[in-house]
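Engineer: Just one file: run-v2.cif, with mmCIF, C-alpha atoms.
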```cif
data_my_file
loop_
_atom_site.label_atom_id
_atom_site.label_comp_id
_atom_site.auth_asym_id
_atom_site.auth_seq_id
_atom_site.Cartn_x
_atom_site.Cartn_y
_atom_site.Cartn_z
CA MET L 1034 -2.07 -8.87 -30.25
CA LYS L 1035 -2.42 -11.21 -27.30
CA LEU L 1036 1.32 -11.95 -27.33
CA LYS L 1037 2.10 -8.26 -27.19
CA THR L 1038 -0.29 -7.79 -24.23
CA LYS L 1039 1.28 -10.74 -22.42
CA LEU L 1040 4.78 -9.35 -22.98
CA ILE L 1041 3.72 -5.96 -21.65
CA ALA L 1042 2.12 -7.58 -18.58
CA ILE L 1043 5.21 -9.70 -17.91
CA THR L 1044 7.50 -6.68 -18.33
CA ALA L 1045 5.35 -4.54 -16.01
CA THR L 1046 5.32 -7.34 -13.42
CA CYS L 1047 9.10 -7.65 -13.63
CA LEU L 1048 9.55 -3.89 -13.26
CA VAL L 1049 7.25 -3.73 -10.24
CA SER L 1050 9.01 -6.71 -8.64
CA ALA L 1051 12.42 -5.21 -9.30
CA SER L 1052 11.43 -1.85 -7.84
CA ILE L 1053 9.96 -3.47 -4.73
CA PHE L 1054 13.12 -5.52 -4.31
CA SER L 1055 15.34 -2.46 -4.72
CA ILE L 1056 13.25 -0.45 -2.25
CA SER L 1057 13.43 -3.22 0.35
CA ALA L 1058 17.16 -3.62 -0.26
CA THR L 1059 17.66 0.12 0.11
CA ALA L 1060 15.55 0.18 3.28
CA SER L 1061 17.52 -2.66 4.84
CA LYS L 1062 20.74 -0.94 3.79
CA ASN L 1063 19.54 2.29 5.45
CA VAL L 1064 18.75 0.38 8.64
CA LYS L 1065 22.24 -1.12 8.55
CA ASP L 1066 23.69 2.34 7.87
CA VAL L 1067 21.85 3.83 10.85
CA LEU L 1068 23.04 0.99 13.07
CA SER L 1069 26.61 1.44 11.88
CA LEU L 1070 26.33 5.21 12.40
CA LYS L 1071 25.07 4.65 15.93
CA THR L 1072 27.96 2.27 16.55
CA LEU L 1073 30.41 4.82 15.17
CA ALA L 1074 28.86 7.56 17.30
CA LYS L 1075 29.17 5.36 20.40
CA ALA L 1076 32.82 4.60 19.62
CA ALA L 1077 33.51 8.30 19.02
CA MET L 1078 31.83 9.18 22.31
CA ASP L 1079 33.94 6.60 24.14
CA LYS L 1080 37.10 8.01 22.56
CA GLU L 1081 36.03 11.55 23.43
CA THR L 1082 35.45 10.51 27.05
CA ALA L 1083 38.87 8.87 27.24
CA GLU L 1084 40.57 11.93 25.76
CA HIS L 1085 38.62 14.21 28.10
CA ASN L 1086 39.73 12.15 31.09
CA LYS L 1087 43.29 12.42 29.81
CA LEU L 1088 42.85 16.20 29.56
CA ASP L 1089 41.57 16.41 33.13
CA ALA L 1090 44.57 14.44 34.40
CA MET L 1091 47.15 16.62 32.65
CA PRO L 1092 49.20 19.02 34.79
CA ASP L 1093 49.42 22.69 33.83
CA GLN L 1094 52.21 24.15 35.90
CA THR L 1095 54.82 24.98 33.26
CA ARG L 1096 54.42 26.70 29.93
CA GLU L 1097 55.01 23.41 28.04
CA GLU L 1098 52.41 21.61 30.14
CA LYS L 1099 49.88 24.39 29.50
CA ASP L 1100 50.57 24.22 25.75
CA ALA L 1101 50.15 20.44 25.79
CA LYS L 1102 46.92 20.79 27.75
CA ASN L 1103 45.60 23.39 25.28
CA LEU L 1104 46.38 21.07 22.36
CA GLN L 1105 44.61 18.22 24.16
CA GLY L 1106 41.62 20.52 24.75
CA ILE L 1107 41.46 21.34 21.05
CA LYS L 1108 41.57 17.61 20.27
CA VAL L 1109 38.75 16.90 22.73
CA LYS L 1110 36.64 19.71 21.27
CA SER L 1111 37.07 18.43 17.71
CA LEU L 1112 36.20 14.89 18.88
CA GLY L 1113 33.08 16.28 20.53
CA ILE L 1114 32.03 18.03 17.34
CA GLU L 1115 32.60 14.86 15.30
CA THR L 1116 30.70 12.76 17.85
CA ARG L 1117 27.73 15.11 17.74
CA ARG L 1118 27.77 15.13 13.93
CA LEU L 1119 27.65 11.31 13.89
CA GLN L 1120 24.86 11.26 16.48
CA LEU L 1121 22.74 13.67 14.45
CA GLU L 1122 23.45 11.78 11.25
CA ALA L 1123 22.22 8.57 12.89
CA ASP L 1124 19.23 10.29 14.51
CA PRO L 1125 18.41 13.60 12.77
CA ASP L 1126 15.56 14.39 15.18
CA ASP L 1127 17.79 13.78 18.23
CA THR L 1128 15.13 11.59 19.84
CA GLU L 1129 17.32 10.76 22.85
CA ASN L 1130 17.56 14.38 23.99
CA PHE L 1131 14.07 15.54 23.02
CA ALA L 1132 12.41 14.99 26.40
CA ARG L 1133 15.21 16.85 28.17
CA GLN L 1134 14.99 19.73 25.69
CA LEU L 1135 11.24 19.90 26.16
CA ASP L 1136 11.57 20.03 29.95
CA SER L 1137 14.27 22.66 29.63
CA ALA L 1138 12.03 24.78 27.39
CA ILE L 1139 9.19 24.56 29.93
CA GLU L 1140 11.57 25.57 32.73
CA ASN L 1141 12.95 28.51 30.74
CA TRP L 1142 9.49 29.81 29.87
CA SER L 1143 8.51 29.47 33.56
CA MET L 1144 11.47 31.59 34.63
CA GLY L 1145 10.47 34.15 32.01
CA ILE L 1146 7.00 34.40 33.52
CA ASN L 1147 8.44 35.25 36.92
CA GLU L 1148 10.69 37.90 35.38
CA PHE L 1149 7.78 39.44 33.46
CA LYS L 1150 5.65 39.59 36.61
CA ASP L 1151 8.49 41.19 38.56
CA ALA L 1152 9.01 43.73 35.78
CA ALA L 1153 5.28 44.50 35.73
CA LYS L 1154 5.38 45.31 39.44
CA ARG L 1155 8.66 47.20 39.22
CA TYR L 1156 7.67 49.39 36.27
CA ASN L 1157 3.92 49.34 36.86
CA ASP L 1158 3.40 48.33 33.22
CA ASP L 1159 0.69 45.92 32.05
CA THR L 1160 2.56 44.97 28.85
CA TYR L 1161 4.76 42.73 30.98
CA LEU L 1162 1.67 40.98 32.31
CA LYS L 1163 0.50 40.37 28.73
CA LYS L 1164 3.89 38.84 27.93
CA ALA L 1165 3.57 36.66 31.03
CA GLU L 1166 0.17 35.45 29.81
CA GLU L 1167 1.63 34.64 26.38
CA SER L 1168 4.39 32.70 28.10
CA GLU L 1169 1.85 30.74 30.12
CA LYS L 1170 0.12 29.78 26.86
CA MET L 1171 3.46 28.60 25.46
CA ILE L 1172 4.05 26.49 28.55
CA GLU L 1173 0.64 24.88 28.08
CA ARG L 1174 1.55 24.07 24.45
CA PHE L 1175 4.83 22.49 25.58
CA LYS L 1176 3.11 20.48 28.31
CA LYS L 1177 0.51 19.26 25.83
CA GLY L 1178 3.33 18.30 23.48
CA ARG L 1179 5.07 16.41 26.28
CA GLU L 1180 1.88 14.46 26.97
CA GLU L 1181 1.48 13.64 23.28
CA TYR L 1182 5.09 12.49 23.16
CA GLN L 1183 4.73 10.32 26.26
CA LYS L 1184 1.56 8.73 24.89
CA ASN L 1185 3.27 8.18 21.49
CA GLU L 1186 0.52 10.21 19.79
CA LYS L 1187 3.03 12.32 17.85
CA THR L 1188 6.57 11.76 16.68
CA VAL L 1189 9.55 13.78 17.79
CA HIS L 1190 9.80 15.23 14.28
CA GLN L 1191 6.17 16.45 14.35
CA LEU L 1192 6.57 17.99 17.80
CA ARG L 1193 9.84 19.71 16.90
CA ILE L 1194 8.06 21.41 14.00
CA GLU L 1195 4.91 22.30 15.97
CA LEU L 1196 6.73 23.59 19.05
CA ASN L 1197 9.66 25.10 17.12
CA ILE L 1198 12.30 23.21 19.11
CA PRO L 1199 15.44 23.00 17.00
CA VAL L 1200 17.91 20.14 17.13
CA ASN L 1201 20.98 21.39 18.99
#
```
Show me, as structure tokens, the structure contained in the file I just sent.

Structural biologist:
Amino acid sequence: MKLKTKLIAITATCLVSASIFSISATASKNVKDVLSLKTLAKAAMDKETAEHNKLDAMPDQTREEKDAKNLQGIKVKSLGIETRRLQLEADPDDTENFARQLDSAIENWSMGINEFKDAAKRYNDDTYLKKAEESEKMIERFKKGREEYQKNEKTVHQLRIELNIPVN
């Protein structure tokens, strides 16, 4: 009976060790994959920039030149789509652009407030003032989220869910 218990203990220990090893190997592989994806995204962005510069330098006086420029534009657009796909694959939460998106959302809500207040005056309707108040509350939520992000209290993923800011 003791031999059977020892064999079970040794087997369980081996299984736990093997699973820990495989998890750490997978995690290090994922880190390497993310780094390689970021490298690929950087290379794709550099290529896109070069092709875009080439597009800007192309003449478009004759029909053939316009056709060539259109084809180059299509190439640049497809490179841009591929670059963005690689960037989002490397960083699904788009951490690099989050702060800019948050500031843009605050600015857009602020412009909406001014439009609602103008509409309230123009149409003499209090429903527009209520919408302006709701917008002010949204701005406060976004500003609070920005503070939490700057203080590293919440992750980009958490804030994207809470504030309903999609990855573009």

Engineer: As an exercise, work out the distance from CA of Ala1077 in chain L to CA of Val1200 in chain L in Å and give it to one decimal place.

Structural biologist: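 Taking CA of Ala1077 in chain L as the start and CA of Val1200 in chain L as the end point, the length is 19.7 Å.
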
Engineer: Just the residues within 12 Å of Arg1133 in chain L, please, counting only C-alpha atoms, with nothing from its chain fewer than 6 positions along; format it as a short mmCIF file (atom, residue, chain, number, x, y, z; two decimals) with C-alpha atoms, keeping the file's coordinate frame.

Structural biologist:
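Dumped everything to around20.cif:
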```
data_model
loop_
_atom_site.label_atom_id
_atom_site.label_comp_id
_atom_site.auth_asym_id
_atom_site.auth_seq_id
_atom_site.Cartn_x
_atom_site.Cartn_y
_atom_site.Cartn_z
CA ASP L 1127 17.79 13.78 18.23
CA ILE L 1139 9.19 24.56 29.93
CA GLU L 1140 11.57 25.57 32.73
CA ARG L 1179 5.07 16.41 26.28
CA ILE L 1198 12.30 23.21 19.11
CA VAL L 1200 17.91 20.14 17.13
CA ASN L 1201 20.98 21.39 18.99
#
```

Engineer: Care to translate the PyMOL selection byres ((chain L and resi 1199) around 12) into actual residues of this file, as a JSON list (two decimals) with C-alpha atoms, in the coordinates of the input?

Structural biologist:
```json
[["chain", "number", "residue", "atom", "x", "y", "z"],
["L", 1125, "PRO", "CA", 18.41, 13.60, 12.77],
["L", 1126, "ASP", "CA", 15.56, 14.39, 15.18],
["L", 1127, "ASP", "CA", 17.79, 13.78, 18.23],
["L", 1128, "THR", "CA", 15.13, 11.59, 19.84],
["L", 1130, "ASN", "CA", 17.56, 14.38, 23.99],
["L", 1131, "PHE", "CA", 14.07, 15.54, 23.02],
["L", 1134, "GLN", "CA", 14.99, 19.73, 25.69],
["L", 1135, "LEU", "CA", 11.24, 19.90, 26.16],
["L", 1138, "ALA", "CA", 12.03, 24.78, 27.39],
["L", 1189, "VAL", "CA", 9.55, 13.78, 17.79],
["L", 1190, "HIS", "CA", 9.80, 15.23, 14.28],
["L", 1191, "GLN", "CA", 6.17, 16.45, 14.35],
["L", 1192, "LEU", "CA", 6.57, 17.99, 17.80],
["L", 1193, "ARG", "CA", 9.84, 19.71, 16.90],
["L", 1194, "ILE", "CA", 8.06, 21.41, 14.00],
["L", 1195, "GLU", "CA", 4.91, 22.30, 15.97],
["L", 1196, "LEU", "CA", 6.73, 23.59, 19.05],
["L", 1197, "ASN", "CA", 9.66, 25.10, 17.12],
["L", 1198, "ILE", "CA", 12.30, 23.21, 19.11],
["L", 1200, "VAL", "CA", 17.91, 20.14, 17.13],
["L", 1201, "ASN", "CA", 20.98, 21.39, 18.99]]
```

Engineer: Please list as a JSON list (two decimals) with C-alpha atoms, keeping the file's coordinate frame every residue within 9 Å of Lys1071 in chain L, counting all atoms listed in the file and excluding residues in the same chain fewer than 5 positions away.

Structural biologist:
```json
[["chain", "number", "residue", "atom", "x", "y", "z"],
["L", 1066, "ASP", "CA", 23.69, 2.34, 7.87],
["L", 1076, "ALA", "CA", 32.82, 4.60, 19.62],
["L", 1119, "LEU", "CA", 27.65, 11.31, 13.89],
["L", 1120, "GLN", "CA", 24.86, 11.26, 16.48],
["L", 1122, "GLU", "CA", 23.45, 11.78, 11.25],
["L", 1123, "ALA", "CA", 22.22, 8.57, 12.89],
["L", 1124, "ASP", "CA", 19.23, 10.29, 14.51]]
```

Engineer: Excluding Met1078 in chain L and residues on its chain fewer than 6 positions from it, collect all residues at most 8 Å away from it, counting all atoms listed in the file, and give them as a list in words.

Structural biologist: Leu1112, Gly1113 and Thr1116 of chain L

Engineer: Suppose you want the space between CA of Arg1118 in chain L and CA of Lys1075 in chain L; what is it in Å?

Structural biologist: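 Going from CA of Arg1118 in chain L over to CA of Lys1075 in chain L covers 11.8 Å.
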
Engineer: I want to know what sits within 12 Å of Lys1080 in chain L, based on all atoms listed in the file, with residues of the same chain fewer than 5 positions away left out; could you give that as a list in words?

Structural biologist: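 After dropping sequence-adjacent residues, the list is Leu1073, Ala1074, Lys1075, His1085, Asn1086, Lys1087, Lys1108, Val1109, Lys1110, Ser1111, Leu1112, Gly1113, Glu1115 and Thr1116 of chain L.
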
Engineer: Quick one, how far is CA of Ile1172 in chain L from CA of Ala1152 in chain L?

Structural biologist: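 Taking CA of Ile1172 in chain L and CA of Ala1152 in chain L, their separation equals 19.3 Å.
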